[in-house]
Amino acid sequence: MMATLYSFRRCPYAIRSRLALAAVDCTVELVEVDLKAKPDRMLELSPKGTVPVLHLEDGTVLEESLDIMMWALRTYEPLGWLGESAAELDEMMAAIEVNDRAFKHHLDRTKYAVRYEGADAEEHRALALELLATLSQRLTQSPYLWGQRPKIADWALLPFVRQFANIDRGRFDQEVDPALVGWLDRGLSSSLFVEVMKKGGRWAG
Ligand SMILES: N[C@@H](CCC(=O)N[C@@H](CS)C(=O)NCC(=O)O)C(=O)O
């Protein structure tokens with residue numbers, strides 16, 4: 001089945017979707033979107049105008065990054081990314097929600113403080129670091145957030161932690177637990193992550 005993914009290379013939401021699609025080996029036609037000039041076709045399919053958008057051959061449109069991950073993981077062979085039990089999946093989804101709401105909020109206000117009136121980058125940085133400390137706690141117990149293997153929580157969160165770390169990588173490495181630095185580096189250097197970030201490769205359409 002040929003699906004089309006409207007994506008933006010550096011968008012953390014698009015990255016998490018590409019990770020799931022690549023992991024299950026679902027071939028998609030990739031449309032790299034210029035966020036300042038979104039394609040008419042994408043806006044027809046999904047007027048809210050955010051990437052990623054996945055358009056399936058049967059006409060289905062998925063316009064939330066987590067829906068795209070879940071569709072890929074449920075449609076193709078199970079990779080164990082959805083956890084050992086429904087309870088584990090619920091815990092991971094709760095962690096993803098904290099990321100998508102609170103962590104993303106503080107990430108944006110740390111990285112782009114000037115865009116938010118009255119935002120103090122250092123205050124938001126400290127609050128983001130508090131949230132990262134809860135991930136570090138898990139990572140001091142096991143190499144991945146929920147055990148010995150990476151699962152949906154690892155791949156859904158990694159693009160956001162990457163973005164936060166890249167604000168000032170030297171400072172990040174000093175300020176967070178080495179277990180979190182190790183987890184980030186393992187994820188970034190994994191063949192899966194490297195593949196979905198390639199320019200001009202399969203993922204560039
Ligand atoms: N809840 C959405 C959020 C997606 C999102 O906000 N993507 C950003 C890029 S990182 C976007 O497309 N923003 C619209 C714009 O910049 O015009 C999802 O999970 O897919």
# chains A, B, ... in the order shown; residues from 1 in each chain; ligands from 1
call {"tool": "residues_near_ligand", "arguments": {"ligand": "ligand 1", "cutoff": "8 Å", "atoms": "only C-alpha atoms and all ligand atoms", "output": "PyMOL selection string"}}
result
chain A and resi 8+10-14+35-36+49-53+63-66+100
call {"tool": "write_last_selection", "arguments": {"atoms": "N, CA and C atoms", "output": "PDB file, in the first residue's frame"}}
result
ATOM      1  N   PHE A   8       8.066  17.371   7.827  1.00  0.00           N
ATOM      2  CA  PHE A   8       9.090  18.419   7.846  1.00  0.00           C
ATOM      3  C   PHE A   8      10.255  17.801   8.597  1.00  0.00           C
ATOM      4  N   ARG A  10      12.869  18.401  10.422  1.00  0.00           N
ATOM      5  CA  ARG A  10      13.297  18.650  11.800  1.00  0.00           C
ATOM      6  C   ARG A  10      12.148  18.702  12.811  1.00  0.00           C
ATOM      7  N   CYS A  11      10.909  18.603  12.339  1.00  0.00           N
ATOM      8  CA  CYS A  11       9.764  18.686  13.265  1.00  0.00           C
ATOM      9  C   CYS A  11       9.729  17.431  14.138  1.00  0.00           C
ATOM     10  N   PRO A  12       9.731  17.609  15.465  1.00  0.00           N
ATOM     11  CA  PRO A  12       9.772  16.427  16.336  1.00  0.00           C
ATOM     12  C   PRO A  12       8.555  15.515  16.184  1.00  0.00           C
ATOM     13  N   TYR A  13       7.403  16.119  15.863  1.00  0.00           N
ATOM     14  CA  TYR A  13       6.207  15.293  15.658  1.00  0.00           C
ATOM     15  C   TYR A  13       6.354  14.467  14.381  1.00  0.00           C
ATOM     16  N   ALA A  14       6.891  15.098  13.344  1.00  0.00           N
ATOM     17  CA  ALA A  14       7.091  14.374  12.082  1.00  0.00           C
ATOM     18  C   ALA A  14       8.159  13.296  12.254  1.00  0.00           C
ATOM     19  N   LEU A  35       6.963  24.895   5.606  1.00  0.00           N
ATOM     20  CA  LEU A  35       5.887  25.318   6.521  1.00  0.00           C
ATOM     21  C   LEU A  35       5.369  26.721   6.195  1.00  0.00           C
ATOM     22  N   LYS A  36       6.142  27.469   5.415  1.00  0.00           N
ATOM     23  CA  LYS A  36       5.683  28.821   5.028  1.00  0.00           C
ATOM     24  C   LYS A  36       4.886  28.784   3.722  1.00  0.00           C
ATOM     25  N   GLY A  49      -3.472  22.289   9.114  1.00  0.00           N
ATOM     26  CA  GLY A  49      -2.189  22.812   8.617  1.00  0.00           C
ATOM     27  C   GLY A  49      -0.953  22.474   9.416  1.00  0.00           C
ATOM     28  N   THR A  50      -0.983  21.356  10.167  1.00  0.00           N
ATOM     29  CA  THR A  50       0.252  20.945  10.843  1.00  0.00           C
ATOM     30  C   THR A  50       0.786  19.676  10.190  1.00  0.00           C
ATOM     31  N   VAL A  51       2.098  19.501  10.298  1.00  0.00           N
ATOM     32  CA  VAL A  51       2.704  18.237   9.893  1.00  0.00           C
ATOM     33  C   VAL A  51       3.009  17.454  11.169  1.00  0.00           C
ATOM     34  N   PRO A  52       3.014  16.144  11.123  1.00  0.00           N
ATOM     35  CA  PRO A  52       2.823  15.290   9.961  1.00  0.00           C
ATOM     36  C   PRO A  52       1.341  15.047   9.635  1.00  0.00           C
ATOM     37  N   VAL A  53       1.110  14.710   8.359  1.00  0.00           N
ATOM     38  CA  VAL A  53      -0.198  14.220   7.912  1.00  0.00           C
ATOM     39  C   VAL A  53       0.076  12.969   7.096  1.00  0.00           C
ATOM     40  N   GLU A  63      -3.939  12.928  11.062  1.00  0.00           N
ATOM     41  CA  GLU A  63      -3.305  14.248  11.151  1.00  0.00           C
ATOM     42  C   GLU A  63      -2.735  14.543  12.536  1.00  0.00           C
ATOM     43  N   GLU A  64      -2.495  13.495  13.309  1.00  0.00           N
ATOM     44  CA  GLU A  64      -1.835  13.623  14.615  1.00  0.00           C
ATOM     45  C   GLU A  64      -0.687  12.623  14.632  1.00  0.00           C
ATOM     46  N   SER A  65       0.468  13.076  15.076  1.00  0.00           N
ATOM     47  CA  SER A  65       1.657  12.216  15.023  1.00  0.00           C
ATOM     48  C   SER A  65       1.470  10.906  15.802  1.00  0.00           C
ATOM     49  N   LEU A  66       0.769  10.979  16.928  1.00  0.00           N
ATOM     50  CA  LEU A  66       0.590   9.747  17.715  1.00  0.00           C
ATOM     51  C   LEU A  66      -0.349   8.779  17.015  1.00  0.00           C
ATOM     52  N   ASP A 100       4.049  16.059  25.532  1.00  0.00           N
ATOM     53  CA  ASP A 100       3.410  16.871  24.495  1.00  0.00           C
ATOM     54  C   ASP A 100       2.773  18.134  25.057  1.00  0.00           C
TER      55      ASP A 100
END
call {"tool": "select_by_dssp", "arguments": {"residues": "region 49-147 of chain A", "states": "strand (DSSP E or B)", "output": "PyMOL selection string"}}
result
chain A and resi 53-55+61-62+144+147
call {"tool": "write_last_selection", "arguments": {"atoms": "N, CA and C atoms", "output": "mmCIF file, in the first residue's frame"}}
result
data_model
loop_
_atom_site.group_PDB
_atom_site.id
_atom_site.type_symbol
_atom_site.label_atom_id
_atom_site.label_comp_id
_atom_site.auth_asym_id
_atom_site.auth_seq_id
_atom_site.Cartn_x
_atom_site.Cartn_y
_atom_site.Cartn_z
ATOM 1 N N VAL A 53 1.110 14.710 8.359
ATOM 2 C CA VAL A 53 -0.198 14.220 7.912
ATOM 3 C C VAL A 53 0.076 12.969 7.096
ATOM 4 N N LEU A 54 -0.635 11.916 7.411
ATOM 5 C CA LEU A 54 -0.492 10.681 6.630
ATOM 6 C C LEU A 54 -1.787 10.451 5.862
ATOM 7 N N HIS A 55 -1.650 10.308 4.533
ATOM 8 C CA HIS A 55 -2.809 10.048 3.680
ATOM 9 C C HIS A 55 -2.692 8.628 3.163
ATOM 10 N N VAL A 61 -7.222 9.889 6.437
ATOM 11 C CA VAL A 61 -6.228 10.924 6.729
ATOM 12 C C VAL A 61 -5.941 10.899 8.235
ATOM 13 N N LEU A 62 -4.675 10.740 8.567
ATOM 14 C CA LEU A 62 -4.273 10.789 9.981
ATOM 15 C C LEU A 62 -3.475 12.069 10.166
ATOM 16 N N TYR A 144 16.344 1.699 28.599
ATOM 17 C CA TYR A 144 15.287 2.434 27.903
ATOM 18 C C TYR A 144 14.191 2.771 28.908
ATOM 19 N N GLY A 147 12.192 -0.401 30.054
ATOM 20 C CA GLY A 147 12.837 -1.716 30.022
ATOM 21 C C GLY A 147 14.090 -1.803 29.185
#
call {"tool": "closest_residue", "arguments": {"among": "A:Lys104, A:Arg74, A:Arg9, A:Lys111", "to": "Phe160 (chain A)", "atoms": "only C-alpha atoms"}}
result
A:Lys104
call {"tool": "residues_around", "arguments": {"residues": "region 15-32 of chain A", "least_positions_apart": "6", "cutoff": "8 Å", "atoms": "only C-alpha atoms", "output": "ChimeraX atom specification"}}
result
/A:1-9,52,65-66,68-69,72-73,76-77,79,155-157,159,192-193,196-197,203-205
call {"tool": "closest_residue", "arguments": {"among": "A:Ala153, A:Val181, A:Ala119, A:Leu129", "to": "Glu97 (chain A)", "atoms": "only C-alpha atoms"}}
result
A:Ala153
call {"tool": "closest_atom_pairs", "arguments": {"of": "region 39-157 of chain A", "to": "region 173-176 of chain A", "cutoff": "10 Å", "atoms": "only C-alpha atoms", "output": "JSON lines"}}
result
{"residue": "A:Ala126", "atom": "CA", "partner": "A:Glu175", "partner_atom": "CA", "distance": 9.8}
{"residue": "A:Leu129", "atom": "CA", "partner": "A:Val176", "partner_atom": "CA", "distance": 7.3}
{"residue": "A:Glu130", "atom": "CA", "partner": "A:Val176", "partner_atom": "CA", "distance": 9.5}
{"residue": "A:Leu132", "atom": "CA", "partner": "A:Val176", "partner_atom": "CA", "distance": 7.6}
{"residue": "A:Ala133", "atom": "CA", "partner": "A:Val176", "partner_atom": "CA", "distance": 7.3}
{"residue": "A:Ser136", "atom": "CA", "partner": "A:Val176", "partner_atom": "CA", "distance": 7.8}
call {"tool": "write_last_selection", "arguments": {"atoms": "N, CA and C atoms", "output": "PDB file, in the first residue's frame"}}
result
ATOM      1  N   ALA A 126      14.504  25.455  33.671  1.00  0.00           N
ATOM      2  CA  ALA A 126      14.526  24.729  34.946  1.00  0.00           C
ATOM      3  C   ALA A 126      13.323  23.788  35.052  1.00  0.00           C
ATOM      4  N   LEU A 129      13.864  20.851  32.842  1.00  0.00           N
ATOM      5  CA  LEU A 129      14.848  19.937  33.447  1.00  0.00           C
ATOM      6  C   LEU A 129      14.209  19.080  34.540  1.00  0.00           C
ATOM      7  N   GLU A 130      13.242  19.664  35.259  1.00  0.00           N
ATOM      8  CA  GLU A 130      12.532  18.866  36.286  1.00  0.00           C
ATOM      9  C   GLU A 130      11.799  17.703  35.637  1.00  0.00           C
ATOM     10  N   LEU A 132      12.590  16.319  32.797  1.00  0.00           N
ATOM     11  CA  LEU A 132      13.594  15.365  32.307  1.00  0.00           C
ATOM     12  C   LEU A 132      14.123  14.492  33.441  1.00  0.00           C
ATOM     13  N   ALA A 133      14.130  15.042  34.651  1.00  0.00           N
ATOM     14  CA  ALA A 133      14.644  14.259  35.791  1.00  0.00           C
ATOM     15  C   ALA A 133      13.777  13.023  36.039  1.00  0.00           C
ATOM     16  N   SER A 136      15.082  10.558  33.685  1.00  0.00           N
ATOM     17  CA  SER A 136      16.393  10.079  34.146  1.00  0.00           C
ATOM     18  C   SER A 136      16.241   9.016  35.213  1.00  0.00           C
TER      19      SER A 136
END
call {"tool": "atom_distance", "arguments": {"atom1": "CA of Leu56 (chain A)", "atom2": "CA of Asp90 (chain A)"}}
result
26.6 Å
call {"tool": "closest_residue", "arguments": {"among": "A:Asp40, A:Asp108, A:Glu91, A:Glu84", "to": "Ile167 (chain A)", "atoms": "only C-alpha atoms"}}
result
A:Asp108
call {"tool": "atom_distance", "arguments": {"atom1": "CA of Leu107 (chain A)", "atom2": "CA of Glu122 (chain A)"}}
result
10.8 Å
call {"tool": "atom_distance", "arguments": {"atom1": "CA of Val194 (chain A)", "atom2": "CA of Gln148 (chain A)"}}
result
20.7 Å
call {"tool": "closest_residue", "arguments": {"among": "A:Leu89, A:Ala102, A:Ala179, A:Val161", "to": "His124 (chain A)", "atoms": "only C-alpha atoms"}}
result
A:Ala102
call {"tool": "select_by_dssp", "arguments": {"residues": "region 50-192 of chain A", "states": "helix (DSSP H, G or I)", "output": "ChimeraX atom specification"}}
result
/A:65-75,86-111,113-115,121-139,152-165,169-175,178-189,191-192
